[in-house]
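Trainee: Below is final.cif; it holds mmCIF, C-alpha atoms.
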```cif
data_final
#
loop_
_atom_site.label_atom_id
_atom_site.label_comp_id
_atom_site.auth_asym_id
_atom_site.auth_seq_id
_atom_site.Cartn_x
_atom_site.Cartn_y
_atom_site.Cartn_z
CA MET N 148 0.00 0.00 0.00
CA LYS N 149 1.26 3.50 -0.79
CA ALA N 150 2.56 5.47 2.16
CA GLY N 151 0.07 8.29 1.74
CA LEU N 152 -2.92 5.94 1.81
CA LYS N 153 -1.58 4.10 4.82
CA LEU N 154 -0.96 7.36 6.61
CA LEU N 155 -4.52 8.52 6.09
CA ALA N 156 -5.72 5.27 7.63
CA VAL N 157 -3.99 6.02 10.91
CA ILE N 158 -4.50 9.74 11.36
CA THR N 159 -6.21 10.48 14.66
CA LEU N 160 -8.28 13.51 15.58
CA GLN N 161 -8.13 14.88 19.08
CA LEU N 162 -10.97 16.74 20.77
CA LEU N 163 -10.42 18.58 24.02
CA PHE N 164 -13.10 18.75 26.69
CA TYR N 165 -13.21 20.86 29.80
CA PRO N 166 -16.47 22.24 31.16
CA GLY N 167 -16.58 25.51 33.00
CA GLY N 168 -13.97 27.30 30.92
CA GLN N 169 -11.08 27.40 33.41
CA ALA N 170 -8.46 24.75 34.05
CA GLN N 171 -7.54 23.83 37.58
CA SER N 172 -4.03 23.72 38.95
CA VAL N 173 -3.52 20.02 39.59
CA LYS N 174 -0.43 17.92 40.11
CA PRO N 175 0.42 14.44 38.89
CA LYS N 176 0.60 11.94 41.72
CA PRO N 177 4.21 10.74 41.60
CA THR N 178 6.00 8.00 43.40
CA GLY N 179 8.35 9.29 46.10
CA LYS N 180 8.56 12.95 47.01
CA PRO N 181 6.17 15.50 45.46
CA ILE N 182 7.06 16.84 42.04
CA GLN N 183 7.83 20.54 41.83
CA LEU N 184 5.87 21.64 38.77
CA LYS N 185 7.19 25.18 38.66
CA LYS N 186 10.67 25.72 37.29
CA PRO N 187 12.53 29.00 36.74
CA GLY N 188 10.86 30.82 33.86
CA ALA N 189 7.92 28.42 33.67
CA ALA N 190 4.31 29.44 33.59
CA SER N 191 2.12 27.84 36.23
CA LEU N 192 0.40 24.65 35.18
CA ALA N 193 -3.17 26.00 35.12
CA PRO N 194 -2.60 28.56 32.31
CA LEU N 195 -0.78 25.91 30.27
CA GLN N 196 -3.70 23.52 30.71
CA GLN N 197 -6.15 26.24 29.68
CA GLN N 198 -4.04 27.10 26.66
CA PHE N 199 -4.04 23.46 25.61
CA ILE N 200 -7.81 23.22 26.01
CA ASP N 201 -8.21 26.33 23.88
CA TYR N 202 -6.44 24.56 21.01
CA ARG N 203 -9.61 22.42 20.80
CA PHE N 204 -8.81 20.27 17.77
CA GLY N 205 -5.66 18.66 16.40
CA MET N 206 -4.14 15.91 14.27
CA PHE N 207 -2.37 12.86 15.71
CA ILE N 208 -0.23 11.34 12.96
CA HIS N 209 0.45 7.65 13.64
CA TYR N 210 3.31 7.13 11.20
CA ASN N 211 6.23 4.80 11.73
CA ILE N 212 7.65 1.51 10.50
CA PRO N 213 4.31 -0.34 11.12
CA THR N 214 2.84 1.81 8.33
CA TYR N 215 4.70 -0.40 5.84
CA MET N 216 3.84 -3.69 7.52
CA ASN N 217 0.04 -3.38 7.71
CA HIS N 218 0.24 -3.68 11.50
CA ASP N 219 -0.35 -1.35 14.42
CA TRP N 220 2.61 -2.91 16.24
CA ALA N 221 5.62 -3.83 14.12
CA ASP N 222 7.85 -6.88 14.43
CA PRO N 223 10.61 -5.67 16.79
CA GLU N 224 13.19 -7.26 14.51
CA ALA N 225 11.84 -5.62 11.36
CA LEU N 226 14.73 -4.28 9.30
CA PRO N 227 15.04 -0.52 8.78
CA ALA N 228 15.01 -1.28 5.04
CA ILE N 229 11.24 -1.82 5.34
CA PHE N 230 10.85 1.90 6.00
CA ASN N 231 11.19 3.03 2.39
CA PRO N 232 8.66 5.72 1.41
CA GLN N 233 9.00 7.35 -1.98
CA THR N 234 8.27 10.65 -0.29
CA VAL N 235 7.00 11.98 3.02
CA ASP N 236 5.06 15.18 2.43
CA CYS N 237 4.83 16.84 5.83
CA LYS N 238 3.59 20.03 4.18
CA GLN N 239 0.55 18.11 2.93
CA TRP N 240 -0.14 16.92 6.49
CA ALA N 241 0.03 20.50 7.71
CA GLU N 242 -2.20 21.73 4.89
CA ALA N 243 -4.77 19.05 5.73
CA ALA N 244 -4.70 20.03 9.41
CA LYS N 245 -5.03 23.70 8.55
CA SER N 246 -7.91 23.10 6.14
CA ALA N 247 -9.79 21.26 8.90
CA ASN N 248 -9.30 24.22 11.27
CA MET N 249 -7.00 22.22 13.49
CA SER N 250 -4.54 24.08 15.68
CA TYR N 251 -1.78 21.53 16.29
CA GLY N 252 -0.21 18.24 15.27
CA CYS N 253 1.32 15.33 17.15
CA LEU N 254 3.69 12.81 15.53
CA THR N 255 4.77 9.34 16.69
CA THR N 256 8.53 9.82 17.02
CA LYS N 257 8.90 6.22 18.27
CA HIS N 258 6.20 3.58 18.61
CA HIS N 259 6.33 0.36 20.65
CA SER N 260 8.69 -1.48 18.29
CA GLY N 261 11.43 1.09 18.98
CA PHE N 262 12.08 2.51 15.50
CA CYS N 263 13.02 6.20 15.75
CA ILE N 264 12.03 8.51 12.91
CA TRP N 265 14.52 11.21 13.86
CA ASP N 266 18.31 11.41 13.59
CA THR N 267 19.01 9.93 17.01
CA LYS N 268 22.47 9.14 18.31
CA THR N 269 21.11 6.67 20.88
CA THR N 270 20.53 3.70 18.56
CA ASP N 271 21.19 2.52 15.02
CA TYR N 272 17.53 1.50 14.77
CA ASN N 273 16.39 4.74 13.18
CA VAL N 274 15.31 6.41 9.97
CA MET N 275 18.83 7.48 9.04
CA ASN N 276 19.71 3.81 8.53
CA SER N 277 16.66 3.23 6.35
CA PRO N 278 16.59 3.88 2.59
CA TYR N 279 14.80 7.19 3.30
CA LYS N 280 17.63 8.72 5.38
CA LYS N 281 15.84 11.93 6.36
CA ASP N 282 14.87 13.26 9.77
CA ILE N 283 11.07 13.11 9.61
CA VAL N 284 10.58 14.78 12.98
CA ALA N 285 12.56 17.78 11.72
CA ASP N 286 10.50 17.97 8.52
CA TYR N 287 7.23 17.63 10.43
CA VAL N 288 8.17 20.35 12.92
CA LYS N 289 9.21 22.73 10.14
CA ALA N 290 6.07 22.15 8.06
CA PHE N 291 3.64 22.56 10.94
CA ARG N 292 5.33 25.64 12.35
CA GLU N 293 5.44 27.30 8.93
CA SER N 294 1.68 26.70 8.69
CA GLY N 295 1.11 28.39 12.05
CA LEU N 296 0.32 25.13 13.85
CA LYS N 297 1.53 24.09 17.28
CA VAL N 298 3.89 21.13 17.56
CA MET N 299 3.53 18.15 19.89
CA LEU N 300 5.32 14.80 19.95
CA TYR N 301 4.45 11.22 20.93
CA TYR N 302 7.04 8.89 22.47
CA SER N 303 6.69 5.26 23.57
CA ILE N 304 8.32 4.05 26.78
CA LEU N 305 7.70 0.44 25.74
CA ASP N 306 10.39 -0.53 23.23
CA THR N 307 10.35 -4.16 22.12
CA HIS N 308 13.33 -3.87 19.75
CA HIS N 309 15.63 -2.73 22.54
CA LYS N 310 14.13 -5.27 24.98
CA LEU N 311 12.69 -2.51 27.15
CA ARG N 312 10.00 -4.75 28.55
CA PRO N 313 8.72 -5.65 32.02
CA HIS N 314 11.22 -7.53 34.19
CA GLN N 315 14.01 -6.81 31.67
CA ILE N 316 14.63 -3.11 32.29
CA THR N 317 18.19 -2.07 33.05
CA LYS N 318 19.93 1.18 33.92
CA LYS N 319 20.97 1.45 30.27
CA HIS N 320 17.33 1.37 29.22
CA ILE N 321 16.54 4.27 31.55
CA GLU N 322 19.54 6.19 30.24
CA MET N 323 18.37 5.59 26.66
CA VAL N 324 14.89 6.91 27.43
CA LYS N 325 16.34 10.03 29.02
CA ALA N 326 18.77 10.57 26.14
CA GLN N 327 16.04 10.19 23.51
CA ILE N 328 13.69 12.57 25.30
CA THR N 329 16.56 15.03 25.66
CA GLU N 330 17.19 14.91 21.91
CA LEU N 331 13.53 15.50 21.14
CA LEU N 332 13.27 18.45 23.50
CA THR N 333 16.55 20.17 22.59
CA ARG N 334 16.73 19.87 18.80
CA TYR N 335 13.34 20.97 17.52
CA GLY N 336 12.44 24.17 19.33
CA LYS N 337 9.37 24.63 21.49
CA ILE N 338 7.31 21.48 21.99
CA GLU N 339 3.84 22.18 23.39
CA ALA N 340 3.32 18.69 24.78
CA LEU N 341 5.03 15.31 24.98
CA ILE N 342 2.59 12.40 24.96
CA ILE N 343 4.19 9.35 26.56
CA ASP N 344 2.75 5.88 25.97
CA GLY N 345 3.47 2.50 27.54
CA TRP N 346 3.57 3.35 31.23
CA ASP N 347 1.51 1.18 33.57
CA ALA N 348 -0.70 -0.25 30.83
CA PRO N 349 -1.98 -3.86 30.96
CA TRP N 350 -0.28 -4.59 27.63
CA SER N 351 3.08 -3.09 28.66
CA ARG N 352 3.25 -3.76 32.44
CA ILE N 353 6.02 -1.16 32.81
CA SER N 354 5.48 0.58 36.12
CA TYR N 355 6.15 4.19 37.10
CA THR N 356 9.04 2.80 39.14
CA ASP N 357 10.57 0.60 36.42
CA ILE N 358 11.03 3.71 34.28
CA PRO N 359 11.00 6.31 37.07
CA PHE N 360 8.18 8.74 36.43
CA GLU N 361 9.49 11.46 38.70
CA GLU N 362 12.92 11.49 37.05
CA ILE N 363 11.44 11.60 33.55
CA TYR N 364 8.92 14.28 34.50
CA LEU N 365 11.54 16.51 36.07
CA LEU N 366 13.86 15.99 33.10
CA ILE N 367 11.15 17.17 30.70
CA LYS N 368 10.38 20.22 32.84
CA SER N 369 14.08 21.06 33.15
CA LEU N 370 14.49 21.00 29.36
CA GLN N 371 11.21 22.72 28.48
CA PRO N 372 9.39 24.02 31.57
CA ASP N 373 6.20 24.80 29.65
CA CYS N 374 5.98 21.45 27.86
CA LEU N 375 2.91 19.55 29.06
CA VAL N 376 3.49 15.90 29.96
CA MET N 377 0.69 13.50 29.07
CA ASP N 378 0.47 9.86 30.07
CA LEU N 379 -1.61 8.22 27.33
CA ASN N 380 -2.79 5.56 29.78
CA GLY N 381 -4.11 7.99 32.36
CA ALA N 382 -7.77 7.14 31.70
CA LYS N 383 -7.53 4.12 33.99
CA TYR N 384 -7.44 6.46 36.98
CA PRO N 385 -10.56 8.20 38.39
CA GLY N 386 -11.76 11.05 36.20
CA GLU N 387 -11.92 13.35 39.21
CA GLY N 388 -8.16 13.30 39.78
CA MET N 389 -4.94 14.02 37.92
CA TYR N 390 -2.47 11.14 38.21
CA TYR N 391 0.94 10.95 36.51
CA THR N 392 -0.05 13.51 33.88
CA ASP N 393 -0.70 17.20 33.24
CA ILE N 394 -3.71 16.44 30.99
CA LYS N 395 -6.12 13.50 31.26
CA THR N 396 -6.09 11.34 28.12
CA TYR N 397 -8.70 9.04 26.60
CA GLU N 398 -7.73 6.76 23.70
CA MET N 399 -11.17 6.07 22.29
CA GLY N 400 -9.88 3.53 19.78
CA ALA N 401 -8.81 1.43 22.77
CA GLY N 402 -12.26 1.61 24.33
CA GLN N 403 -11.60 4.46 26.75
CA ARG N 404 -14.55 6.82 27.10
CA LEU N 405 -14.86 10.30 28.49
CA ALA N 406 -18.14 10.87 30.35
CA LYS N 407 -19.38 14.45 29.94
CA GLU N 408 -21.35 14.34 33.17
CA SER N 409 -18.34 13.42 35.30
CA ILE N 410 -15.34 15.02 33.62
CA VAL N 411 -13.85 17.73 35.81
CA MET N 412 -10.26 17.75 34.58
CA PRO N 413 -8.58 19.18 31.46
CA SER N 414 -8.72 16.27 29.05
CA LEU N 415 -7.87 14.99 25.61
CA ALA N 416 -9.79 12.36 23.63
CA CYS N 417 -8.25 10.63 20.59
CA LEU N 418 -10.69 9.42 17.95
CA PRO N 419 -9.18 7.29 15.15
CA ILE N 420 -10.27 7.69 11.53
CA ASN N 421 -9.95 4.54 9.43
#
```
Would you write the structure of this file as structure tokens?

Mentor:
Amino acid sequence: MKAGLKLLAVITLQLLFYPGGQAQSVKPKPTGKPIQLKKPGAASLAPLQQQFIDYRFGMFIHYNIPTYMNHDWADPEALPAIFNPQTVDCKQWAEAAKSANMSYGCLTTKHHSGFCIWDTKTTDYNVMNSPYKKDIVADYVKAFRESGLKVMLYYSILDTHHKLRPHQITKKHIEMVKAQITELLTRYGKIEALIIDGWDAPWSRISYTDIPFEEIYLLIKSLQPDCLVMDLNGAKYPGEGMYYTDIKTYEMGAGQRLAKESIVMPSLACLPIN
């Protein structure tokens, strides 16, 4: 299947819900000592949450090596040679988002199989060792910014290629996660939000201790104080509280549902289009 057609099959729309008009200042519930959300030069969390809610509508682009394997999750041993698009037209993505009156985009920089679509120095398993040999994250960021759209990124903690799985996690795995997040937040300018997937999910079983939430959260805030941190599996916690995330998330394609009558937190709902 052509890359463009496959890409359209996995684009996700995100709708933001928050009744009452004003976000509340709420803290993720970390393990260990409380997280200090405010860093030098950072806005308080509540205005950042409200700003995110005001974006209303965005595009989640699920594009990675599984696109060329007709799978949502790729074989962790899939060769980089499989990732061989004739072209990746990030400007067309941005134009589509703009034409739909969207205000931001979010791109899967690394999905669960561990293939990185940016020029990372942390692993050889990346787009620069594929036939395409171009930094797609850089092209996406440039195209969306030039179209006046905000830029967000998705990153998977679960990484089956690098054996970052439950009961197999080592110090080197944690160092790799930190190094990859550091690259993403220091090379591409302002990132409005980093959506992290794979923490404490029944299909990943990676706890907030295995990959230490507090350390990762504080790293993100130290690199970009105003970058919102979203745990994509946060819907399993009560809707009335904010746990391990700055924004509640609901992945509707996975059966998670946001109830209008009970939602009291700034929230995001992903709705897949197939």

Trainee: Do a neighbour search on N:Arg352 at 12 Å with all atoms listed in the file, toss out local chain neighbours closer than 3 positions, and write the hits as number ranges by chain.

Mentor: N: 304-305, 311-316, 344-349, 355-358, 380

Trainee: Quick one: pull the distance between atom CA of N:Pro213 and atom CA of N:Phe262, Å, one decimal.

Mentor: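 These atoms are spaced 9.4 Å apart.
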
Trainee: Could you jot down the atom CA of N:Glu398 to atom CA of N:Ala416 separation for me, Å, one decimal place?

Mentor: 6.0 Å

Trainee: Going by the chain IDs and residue numbers used in this file, which residues fall under the PyMOL selection byres ((chain N and resi 281) around 12)? Write them as an MDAnalysis selection string.

Mentor: chainID N and resid 230:236 263:267 273:280 282:287

Trainee: Please compute the atom CA of N:Gly336-atom CA of N:Leu370 distance, one decimal, in Å.

Mentor: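 A separation of 10.7 Å between them.
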
Trainee: Under the rule that all atoms listed in the file are counted, which of N:Leu365, N:Lys383, N:Met377, N:Ile338 is the nearest residue to N:Pro413?

Mentor: N:Met377

Trainee: Which residue gives the smallest distance to N:Asn211 among N:Cys237, N:Leu254, N:Met299, N:Met249, with only C-alpha atoms counted?

Mentor: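 Of N:Cys237, N:Leu254, N:Met299, N:Met249, the one nearest N:Asn211, counting only C-alpha atoms, is N:Leu254.
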